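Asks: Structure file query-v6.cif (mmCIF, C-alpha atoms) is given on the next line.
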data_data
loop_
_atom_site.label_atom_id
_atom_site.label_comp_id
_atom_site.auth_asym_id
_atom_site.auth_seq_id
_atom_site.Cartn_x
_atom_site.Cartn_y
_atom_site.Cartn_z
CA MET A 239 127.15 124.52 128.38
CA SER A 240 124.37 126.72 129.68
CA PRO A 241 121.24 124.97 131.01
CA LEU A 242 119.21 126.51 128.20
CA LEU A 243 121.49 125.10 125.51
CA ALA A 244 121.57 121.74 127.20
CA SER A 245 117.81 121.55 127.32
CA LEU A 246 117.60 122.63 123.67
CA SER A 247 119.94 119.92 122.50
CA THR A 248 117.96 117.19 124.24
CA THR A 249 114.50 118.40 123.25
CA VAL A 250 115.11 118.99 119.56
CA CYS A 251 112.61 116.27 118.83
CA GLN A 252 110.12 115.18 121.48
CA PRO A 253 108.20 111.98 120.78
CA VAL A 254 104.56 112.89 120.30
CA SER A 255 102.27 111.01 122.65
CA LEU A 256 99.31 109.35 120.95
CA GLY A 257 97.43 109.30 124.25
CA ASP A 258 96.33 112.82 123.38
CA TRP A 259 93.48 112.37 120.89
CA ARG A 260 94.46 115.49 118.91
CA ASN A 261 97.85 113.96 118.20
CA LEU A 262 96.19 110.72 117.24
CA LEU A 263 93.87 112.52 114.81
CA ALA A 264 96.80 114.45 113.33
CA VAL A 265 98.66 111.21 112.72
CA ILE A 266 95.64 109.50 111.15
CA TRP A 267 95.14 112.56 108.94
CA ASP A 268 98.79 112.42 107.81
CA PHE A 269 98.44 108.83 106.65
CA LEU A 270 95.03 109.43 105.04
CA SER A 271 96.41 112.33 103.03
CA LEU A 272 99.48 110.38 101.87
CA SER A 273 97.44 107.42 100.62
CA LEU A 274 96.71 108.78 97.16
CA PHE A 275 100.39 109.64 96.58
CA SER A 276 101.31 105.99 96.85
CA LEU A 277 102.59 105.57 93.27
CA GLY A 278 104.63 102.72 91.89
CA GLY A 279 103.02 100.20 94.23
CA GLY A 280 103.57 102.22 97.38
CA ASN A 281 107.36 102.45 97.50
CA THR A 282 107.33 106.14 96.61
CA LEU A 283 106.04 106.81 100.13
CA LEU A 284 109.03 105.40 102.00
CA SER A 285 111.00 108.62 102.39
CA GLU A 286 107.81 110.39 103.42
CA TYR A 287 107.30 107.73 106.12
CA HIS A 288 110.86 108.34 107.27
CA HIS A 289 110.18 112.06 107.48
CA LEU A 290 107.00 111.55 109.52
CA ALA A 291 108.23 108.86 111.90
CA VAL A 292 111.81 110.05 112.45
CA ASP A 293 111.98 113.82 111.84
CA GLN A 294 108.47 115.06 112.52
CA TYR A 295 107.06 112.86 115.27
CA CYS A 296 110.23 111.15 116.58
CA TRP A 297 108.57 107.79 117.06
CA LEU A 298 111.66 106.00 115.81
CA SER A 299 115.36 106.61 115.35
CA SER A 300 116.67 106.48 111.81
CA ARG A 301 118.30 103.20 112.70
CA GLN A 302 115.03 101.70 113.90
CA PHE A 303 113.40 102.85 110.68
CA ALA A 304 115.97 100.88 108.69
CA ASP A 305 115.28 97.82 110.89
CA ILE A 306 111.53 98.11 110.39
CA TYR A 307 111.90 98.47 106.64
CA ALA A 308 113.94 95.26 106.61
CA LEU A 309 111.30 93.49 108.76
CA ALA A 310 108.50 94.52 106.42
CA GLU A 311 110.51 93.34 103.40
CA ALA A 312 111.39 90.01 104.99
CA ALA A 313 107.92 89.15 106.30
CA PRO A 314 105.35 87.53 103.99
CA GLY A 315 102.77 89.84 102.46
CA PRO A 316 102.91 93.28 100.85
CA SER A 317 105.89 95.28 102.14
CA SER A 318 103.65 98.37 102.27
CA MET A 319 102.39 96.95 105.58
CA ILE A 320 105.39 98.82 107.05
CA VAL A 321 102.83 101.50 107.97
CA GLY A 322 101.44 99.13 110.61
CA LEU A 323 104.91 98.91 112.16
CA LEU A 324 105.31 102.70 112.10
CA GLY A 325 101.99 103.03 113.92
CA MET A 326 103.13 100.41 116.40
CA GLY A 327 106.42 102.23 116.98
CA ALA A 328 104.46 105.37 117.77
CA ALA A 329 102.54 103.84 120.68
CA VAL A 330 104.40 100.73 121.81
CA LYS A 331 105.91 102.62 124.76
CA GLU A 332 102.40 102.78 126.21
CA GLY A 333 102.14 98.99 126.09
CA PRO A 334 101.70 96.20 123.51
CA LEU A 335 97.94 96.66 123.24
CA TRP A 336 98.32 100.33 122.32
CA GLY A 337 101.03 99.37 119.89
CA VAL A 338 98.76 96.92 118.08
CA LEU A 339 95.78 99.31 118.03
CA SER A 340 97.91 102.14 116.74
CA GLY A 341 99.38 99.87 114.07
CA LEU A 342 95.89 98.88 112.92
CA ALA A 343 94.75 102.51 112.84
CA ALA A 344 97.78 103.62 110.80
CA GLU A 345 97.37 100.77 108.29
CA ALA A 346 93.63 101.42 107.93
CA ALA A 347 94.30 105.14 107.37
CA ILE A 348 96.90 104.58 104.65
CA LEU A 349 94.71 102.04 102.81
CA LEU A 350 91.27 103.66 103.02
CA PRO A 351 91.53 106.41 100.35
CA SER A 352 93.42 104.31 97.80
CA THR A 353 90.93 101.45 98.31
CA LEU A 354 87.94 103.72 97.66
CA VAL A 355 89.57 105.05 94.49
CA MET A 356 90.39 101.51 93.40
CA VAL A 357 86.77 100.38 93.87
CA ALA A 358 85.58 103.30 91.76
CA ALA A 359 88.22 102.51 89.12
CA ALA A 360 87.33 98.82 89.01
CA LEU A 361 83.64 99.59 88.52
CA SER A 362 84.15 102.24 85.84
CA TRP A 363 87.19 100.87 84.04
CA ASN A 364 85.41 100.35 80.73
CA ARG A 365 84.76 104.09 80.52
CA LEU A 366 88.16 105.10 81.93
CA ARG A 367 90.18 102.83 79.69
CA ASN A 368 90.04 105.06 76.62
CA SER A 369 89.89 108.39 78.42
CA PRO A 370 92.73 110.85 77.62
CA TRP A 371 93.06 111.40 81.40
CA ARG A 372 93.99 107.76 81.87
CA VAL A 373 96.60 107.88 79.08
CA ALA A 374 98.15 111.14 80.32
CA PHE A 375 98.15 109.97 83.95
CA GLU A 376 99.83 106.67 83.11
CA ARG A 377 102.47 108.11 80.79
CA GLY A 378 103.11 111.29 82.76
CA LEU A 379 103.33 109.87 86.27
CA GLY A 380 105.54 106.94 85.22
CA PRO A 381 108.77 108.95 84.80
CA ILE A 382 108.12 110.93 87.99
CA THR A 383 107.66 107.65 89.85
CA LEU A 384 110.97 106.47 88.39
CA GLY A 385 112.83 109.53 89.69
CA ILE A 386 111.20 109.21 93.12
CA LEU A 387 112.09 105.50 93.37
CA PHE A 388 115.77 106.31 92.76
CA ALA A 389 115.63 109.01 95.44
CA VAL A 390 113.93 106.61 97.87
CA GLY A 391 116.48 103.86 97.16
CA LEU A 392 119.35 106.25 97.83
CA LYS A 393 117.72 107.44 101.05
CA ILE A 394 117.25 103.90 102.38
CA LEU A 395 120.86 103.13 101.43
CA ARG A 396 122.05 106.19 103.36
CA ILE A 397 120.16 105.38 106.54
CA SER A 398 121.08 101.67 106.46
CA ASP A 399 124.76 101.53 105.59
CA HIS A 400 127.58 103.16 107.45
CA ASP A 401 130.77 101.35 106.45
CA THR A 402 132.38 100.08 103.27
CA PRO A 403 131.55 96.34 103.68
CA ALA A 404 127.88 97.25 104.23
CA TYR A 405 127.75 99.38 101.08
CA ALA A 406 129.46 96.57 99.16
CA VAL A 407 126.83 94.03 100.30
CA SER A 408 124.03 96.40 99.29
CA LEU A 409 125.50 96.95 95.83
CA VAL A 410 125.94 93.21 95.28
CA VAL A 411 122.32 92.58 96.36
CA CYS A 412 121.11 95.34 94.04
CA VAL A 413 122.92 93.81 91.05
CA LEU A 414 121.69 90.29 91.93
CA MET A 415 118.11 91.57 92.28
CA LEU A 416 118.32 92.95 88.74
CA ARG A 417 120.26 90.14 87.07
CA THR A 418 118.93 86.97 88.72
CA LYS A 419 115.63 85.57 89.93
CA ILE A 420 116.96 84.47 93.32
CA SER A 421 114.39 85.05 96.08
CA PRO A 422 115.22 88.19 98.10
CA LEU A 423 114.81 86.07 101.24
CA TRP A 424 118.16 84.43 100.48
CA PHE A 425 119.90 87.80 100.34
CA MET A 426 118.41 88.75 103.69
CA ALA A 427 119.33 85.42 105.25
CA VAL A 428 122.94 85.56 104.05
CA ALA A 429 123.32 89.23 105.00
CA GLY A 430 121.76 88.53 108.42
CA LEU A 431 124.31 85.77 108.95
CA MET A 432 127.12 88.13 107.96
CA GLY A 433 125.79 90.62 110.50
CA GLY A 434 125.61 87.95 113.21
CA LEU A 435 129.22 86.97 112.51
CA GLY A 436 130.29 90.60 112.72
CA LEU A 437 131.33 90.88 109.04
CA VAL A 438 129.08 93.90 108.50
CA ASN A 439 128.40 96.44 111.22
CA ARG A 440 126.35 99.53 111.71
CA MET B 215 82.11 88.40 83.65
CA THR B 216 81.51 85.51 81.30
CA GLU B 217 80.71 81.98 82.40
CA GLY B 218 82.93 82.07 85.51
CA VAL B 219 82.06 81.19 89.10
CA HIS B 220 80.45 83.98 91.13
CA PRO B 221 82.03 83.90 94.62
CA THR B 222 80.25 84.99 97.78
CA ARG B 223 81.86 87.53 100.13
CA LEU B 224 82.98 84.73 102.43
CA GLN B 225 84.57 82.90 99.51
CA LEU B 226 86.38 86.12 98.52
CA PHE B 227 87.69 86.49 102.07
CA LEU B 228 88.90 82.87 102.22
CA GLY B 229 90.25 82.81 98.67
CA MET B 230 92.35 85.90 99.29
CA GLN B 231 93.88 84.27 102.35
CA GLN B 232 95.07 81.50 100.09
CA VAL B 233 96.50 84.12 97.73
CA ALA B 234 98.32 85.87 100.59
CA LEU B 235 99.88 82.79 102.17
CA PRO B 236 103.02 82.18 100.11
CA SER B 237 103.67 85.82 99.31
CA PHE B 238 107.19 86.06 100.67
CA GLY B 239 109.06 88.97 99.16
CA GLY B 240 106.57 89.80 96.44
CA GLY B 241 106.27 87.98 93.11
CA LEU B 242 102.65 87.30 93.92
CA SER B 243 100.84 87.81 90.65
CA ALA B 244 101.62 84.40 89.11
CA TRP B 245 100.41 82.63 92.24
CA SER B 246 97.24 84.70 92.57
CA GLU B 247 96.50 84.10 88.89
CA ARG B 248 96.65 80.36 89.54
CA ILE B 249 94.18 80.59 92.40
CA VAL B 250 91.79 83.15 90.93
CA VAL B 251 91.84 82.07 87.27
CA GLU B 252 92.67 78.35 87.26
CA ASP B 253 91.62 76.85 90.60
CA ARG B 254 88.56 78.91 91.47
CA GLN B 255 87.68 80.23 87.99
CA TRP B 256 86.40 83.56 89.23
CA MET B 257 87.79 85.39 86.21
CA SER B 258 89.13 84.73 82.75
CA LYS B 259 92.83 85.28 82.16
CA GLU B 260 92.06 88.45 80.18
CA GLU B 261 89.98 89.88 83.03
CA PHE B 262 92.77 89.08 85.45
CA ILE B 263 95.38 90.88 83.33
CA THR B 264 93.09 93.90 83.00
CA GLY B 265 92.85 93.86 86.79
CA LEU B 266 96.64 93.88 87.14
CA THR B 267 96.85 96.87 84.78
CA VAL B 268 94.28 98.80 86.82
CA ALA B 269 95.93 97.80 90.11
CA ARG B 270 99.33 99.07 88.95
CA LEU B 271 97.94 102.28 87.49
CA PHE B 272 96.05 103.53 90.53
CA PRO B 273 97.59 104.59 93.85
CA GLY B 274 98.06 101.93 96.51
CA PRO B 275 100.06 98.72 96.95
CA ASN B 276 99.72 96.54 93.84
CA GLN B 277 98.77 93.29 95.58
CA ILE B 278 96.21 94.98 97.77
CA ASN B 279 94.76 96.92 94.84
CA MET B 280 94.42 93.65 92.94
CA ALA B 281 92.45 92.11 95.82
CA VAL B 282 90.25 95.21 95.93
CA TYR B 283 89.72 94.97 92.17
CA ILE B 284 88.65 91.33 92.37
CA GLY B 285 86.38 91.90 95.35
CA SER B 286 84.69 94.95 93.90
CA ARG B 287 83.99 93.28 90.55
CA PHE B 288 81.71 90.83 92.36
CA HIS B 289 80.27 92.68 95.34
CA GLY B 290 81.25 96.36 95.06
CA LEU B 291 82.59 98.00 98.21
CA ALA B 292 81.55 95.10 100.48
CA GLY B 293 83.39 92.62 98.24
CA ALA B 294 86.43 94.87 98.18
CA ILE B 295 86.52 94.99 101.98
CA ALA B 296 86.06 91.20 102.25
CA ALA B 297 88.94 90.62 99.82
CA LEU B 298 91.11 93.26 101.52
CA CYS B 299 90.60 91.70 104.95
CA GLY B 300 91.29 88.27 103.48
CA ILE B 301 94.59 89.25 101.91
CA LEU B 302 95.77 91.19 104.98
CA LEU B 303 94.57 89.10 107.93
CA LEU B 304 97.37 86.53 108.20
CA PRO B 305 100.37 88.52 106.94
CA PHE B 306 99.43 91.63 108.91
CA SER B 307 98.86 89.68 112.14
CA LEU B 308 102.22 87.99 111.68
CA LEU B 309 103.92 91.31 110.95
CA LEU B 310 102.46 92.88 114.10
CA LEU B 311 103.75 89.95 116.13
CA LEU B 312 107.19 90.35 114.57
CA GLY B 313 106.95 94.07 115.29
CA LEU B 314 106.20 93.47 118.98
CA GLY B 315 109.14 91.08 119.09
CA TYR B 316 111.31 93.71 117.49
CA PHE B 317 110.33 96.58 119.79
CA TYR B 318 110.89 94.47 122.91
CA LEU B 319 114.06 92.72 121.79
CA HIS B 320 115.97 95.00 119.43
CA GLU B 321 118.32 96.19 122.13
CA THR B 322 119.55 92.62 122.55
CA LEU B 323 123.02 92.49 121.08
CA ALA B 324 122.47 89.39 118.92
CA VAL B 325 119.23 90.69 117.39
CA ASP B 326 120.86 94.03 116.71
CA ARG B 327 123.84 92.47 114.94
CA VAL B 328 121.72 90.21 112.74
CA LEU B 329 119.51 93.17 111.83
CA ALA B 330 122.61 95.22 110.99
CA GLY B 331 123.29 92.59 108.33
CA VAL B 332 119.71 92.22 107.11
CA ILE B 333 119.32 95.96 106.52
CA THR B 334 122.27 95.96 104.11
CA ALA B 335 120.35 93.46 101.96
CA SER B 336 117.09 95.39 102.19
CA ALA B 337 118.94 98.59 101.24
CA GLY B 338 120.23 96.83 98.13
CA MET B 339 116.67 95.75 97.33
CA ALA B 340 115.46 99.33 97.76
CA LEU B 341 118.21 100.58 95.45
CA SER B 342 117.13 98.12 92.75
CA MET B 343 113.54 99.45 92.59
CA GLY B 344 114.35 102.33 90.26
CA PHE B 345 116.63 100.32 87.98
CA LYS B 346 113.90 97.70 87.60
CA ILE B 347 111.54 100.03 85.77
CA ALA B 348 114.14 102.36 84.20
CA GLY B 349 114.44 100.26 81.03
CA ALA B 350 110.92 101.19 79.98
CA TYR B 351 111.92 104.82 79.56
CA ASN B 352 115.36 104.78 77.95
CA ARG B 353 114.06 105.79 74.51
CA ASP B 354 112.15 108.80 75.75
CA PRO B 355 114.44 111.75 76.59
CA VAL B 356 111.58 113.79 78.08
CA ALA B 357 110.75 110.95 80.47
CA LEU B 358 114.39 110.67 81.51
CA LEU B 359 114.55 114.43 82.06
CA LEU B 360 111.39 114.27 84.21
CA ALA B 361 112.82 111.38 86.19
CA ALA B 362 116.16 113.19 86.67
CA CYS B 363 114.42 116.38 87.81
CA SER B 364 112.24 114.47 90.28
CA PHE B 365 115.27 112.64 91.61
CA ILE B 366 117.34 115.82 92.05
CA ALA B 367 114.43 117.74 93.59
CA MET B 368 114.00 115.03 96.21
CA SER B 369 117.58 113.95 96.88
CA VAL B 370 119.42 117.26 96.58
CA PHE B 371 116.82 119.91 97.40
CA HIS B 372 114.77 117.76 99.81
CA VAL B 373 111.47 118.59 98.15
CA ARG B 374 108.72 116.53 99.81
CA LEU B 375 106.72 113.97 97.88
CA VAL B 376 103.32 115.68 97.90
CA PRO B 377 104.41 119.08 96.47
CA LEU B 378 106.68 117.32 93.99
CA VAL B 379 103.85 115.19 92.59
CA LEU B 380 101.38 118.08 92.65
CA ILE B 381 103.72 120.31 90.60
CA ALA B 382 105.49 117.84 88.31
CA GLY B 383 102.43 115.60 87.80
CA PRO B 384 100.19 118.09 85.95
CA LEU B 385 103.14 119.34 83.84
CA ALA B 386 103.99 115.78 82.80
CA MET B 387 100.34 114.97 82.14
CA ALA B 388 100.04 118.03 79.90
CA TRP B 389 103.11 116.96 77.93
CA TYR B 390 101.85 113.41 77.49
CA TRP B 391 98.22 114.38 76.81
CA PRO B 392 97.24 112.22 73.81
CA ARG B 393 97.40 114.27 70.61
CA THR B 394 95.31 113.34 67.63
CA GLU B 395 97.36 115.05 64.89
CA GLN B 396 101.12 114.88 64.46
CA ARG B 397 103.68 113.35 66.89
#
Produce structure tokens that represent the structure in this file.
Replies:
Amino acid sequence: MSPLLASLSTTVCQPVSLGDWRNLLAVIWDFLSLSLFSLGGGNTLLSEYHHLAVDQYCWLSSRQFADIYALAEAAPGPSSMIVGLLGMGAAVKEGPLWGVLSGLAAEAAILLPSTLVMVAAALSWNRLRNSPWRVAFERGLGPITLGILFAVGLKILRISDHDTPAYAVSLVVCVLMLRTKISPLWFMAVAGLMGGLGLVNR
Amino acid sequence: MTEGVHPTRLQLFLGMQQVALPSFGGGLSAWSERIVVEDRQWMSKEEFITGLTVARLFPGPNQINMAVYIGSRFHGLAGAIAALCGILLLPFSLLLLLGLGYFYLHETLAVDRVLAGVITASAGMALSMGFKIAGAYNRDPVALLLAACSFIAMSVFHVRLVPLVLIAGPLAMAWYWPRTEQR
């Protein structure tokens, strides 16, 4: 292979350093501008997060993204806090302190616009309630959210599972999530055990 | 607000920490209703349910939007920020600690193998998200068509989220614009 080709194949995606303040601002802007597209409780943003963190900025490998999604789901609190972990992944190479600061900045950026809109909505709800805009927004965006959630689910499935036993576990968990009220923590605990014993692999 | 208790900003901050504590894996609204409506009597049950409706309708994570709703009803933006910090402080600190642990340890073989299992479960949970709300739309062919188009645009043609919502959103809103006469 020629040196040029070799260098191309290794530099397809260079991790962006957040030490440069222009990169940092670009990243904060990306999260700020995604905030208002967080429909359906925030899960619609997951494939966009994957695009940013894995394809665009190369903070994480696809495999690490799957790990982080699982961490955010397993930990107490809203799973949308995954943004904090993405921010951390972007800067943790520069040390734990940078990782934490970057995580805080990313989480603040994703929450700020939606929080401001929510405050305005809470204070003016009595006027909004009967507005045709509210009715059309609620009924129109619902089906789009549904389609996006299926696409996001499929994407997470694709980046997480790579062999037949893994797909089988995911399908069983999906059915149990829909048919029973068992806490998702049990599914993660059992699946984690299966991973530890080598029954499911990457 | 009727005869309920009027919390201070500090009380909002502390009360939301209590709401956040047992929130493993979602399913938070029943617990937060107990704290906010029954124990602390900040709101009536009706007000709380209105809040949930608003929180689900507007962009942002539902639990966090609900905290913002409660905070802003009492103290506007300052109350919203107090409630937001309250609901995030403990879980977010814990998550960042877990994250540090992950980034420093994930190359350890044992951690990697356990995570390889855990992600199969979380992938199943992600797959269930769509099915969970699909039932609400199965009598509306236009909604199903919109959902199918959004799904295909994203999964097959790799259309990004923002252009998809900006194009499909206004079309869907026009179709569902409330009509006074027939239909």
Asks: Step by step, work through what the PyMOL selection byres ((chain B and resi 272-282) around 6) selects in the shown file, and finish by giving those residues as a VMD selection string.
Replies: (chain A and resid 274 276 to 277 279 to 280 352) or (chain B and resid 269 to 271 283 to 286 294 297 to 298)
Asks: (97.2, 102.5, 109.1) in this file's frame - what residues fall within 9 Å of it? Use only C-alpha atoms and give the answer as a VMD selection string.
Replies: chain A and resid 266 269 to 270 319 321 to 322 324 to 325 340 to 350
Asks: Could you give me, as a PyMOL selection string, the residues within 8 Å of Ala296 (chain B), counting all atoms listed in the file and dropping anything in the same chain fewer than 5 positions from it?
Replies: chain B and resi 223-224+226-227+285
Asks: Written as a list in words, what is the full residue list that the PyMOL selection byres ((chain B and resi 341) around 10) yields on the file shown?
Replies: Leu387, Phe388, Ala389, Val390, Gly391, Leu392, Lys393, Ile394, Leu395, Ser408, Leu409, Val411, Cys412, Val413 and Met415 of chain A; Ala335, Ser336, Ala337, Gly338, Met339, Ala340, Ser342, Met343, Gly344, Phe345 and Lys346 of chain B
Asks: Taking the file as shown, what set of residues would the PyMOL selection byres ((chain B and resi 391) around 9) give back, as a ChimeraX atom specification?
Replies: /A:370-371,373-375,377-378 /B:386-390,392-393
Asks: Within 12 Å of region 381-383 of chain B, counting only C-alpha atoms, which residues qualify if same-chain residues fewer than 2 places away don't, as a count of residues only?
Replies: 38
Asks: By how many Å are CA of Val251 (chain B) and CA of Gly293 (chain B) apart?
Replies: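 One can read the CA of Val251 (chain B) to CA of Gly293 (chain B) distance as 17.4 Å.
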Asks: CA of Arg248 (chain B) to CA of Thr353 (chain A): how many Å, to one decimal?
Replies: 23.5 Å
Asks: Could you list, as a ChimeraX atom specification, every residue within 8 Å of Gly313 (chain B), counting only C-alpha atoms and ignoring same-chain residues fewer than 4 positions away?
Replies: /A:306,309,323,326 /B:309,317
Asks: In Å to one decimal, how far is CA of Leu354 (chain A) from CA of Phe288 (chain B)?
Replies: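 Spanning CA of Phe288 (chain B) to CA of Leu354 (chain A) is a straight-line distance of 15.3 Å.
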Asks: Determine the nearest neighbour of chain A from the options B:Pro305, B:Gly229, B:Gly315, B:Gly349, counting all atoms listed in the file.
Replies: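 Ranking B:Pro305, B:Gly229, B:Gly315, B:Gly349 by distance to chain A, first place goes to B:Pro305.
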Asks: Which one of B:Tyr351, B:Gly331, B:Leu228, B:Ile366 sits closest to chain A if you count only C-alpha atoms?
Replies: B:Gly331
Asks: Counting all atoms listed in the file, which residue out of A:Val428, A:Leu263, A:Ala308, A:Cys296 sits closest to Gly327 (chain A)?
Replies: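 The closest residue to Gly327 (chain A) is A:Cys296.
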Asks: Using only C-alpha atoms, which of B:Val332, B:Leu380, B:Ala292, B:Val370 sits nearest chain A?
Replies: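 Going through B:Val332, B:Leu380, B:Ala292, B:Val370 one by one, the smallest distance to chain A is for B:Val332.
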Asks: Between B:Leu310, B:Thr264, B:Ser243, B:Leu291, single out the one closest to Trp336 (chain A), counting all atoms listed in the file.
Replies: B:Leu310
Asks: Which residues, written as a PyMOL selection string, have at least one atom at most 10 Å from Tyr287 (chain A), with all atoms listed in the file counted and residues fewer than 4 positions away on the same chain left out?
Replies: chain A and resi 268-269+272+282-283+291-294+303+320-321+324
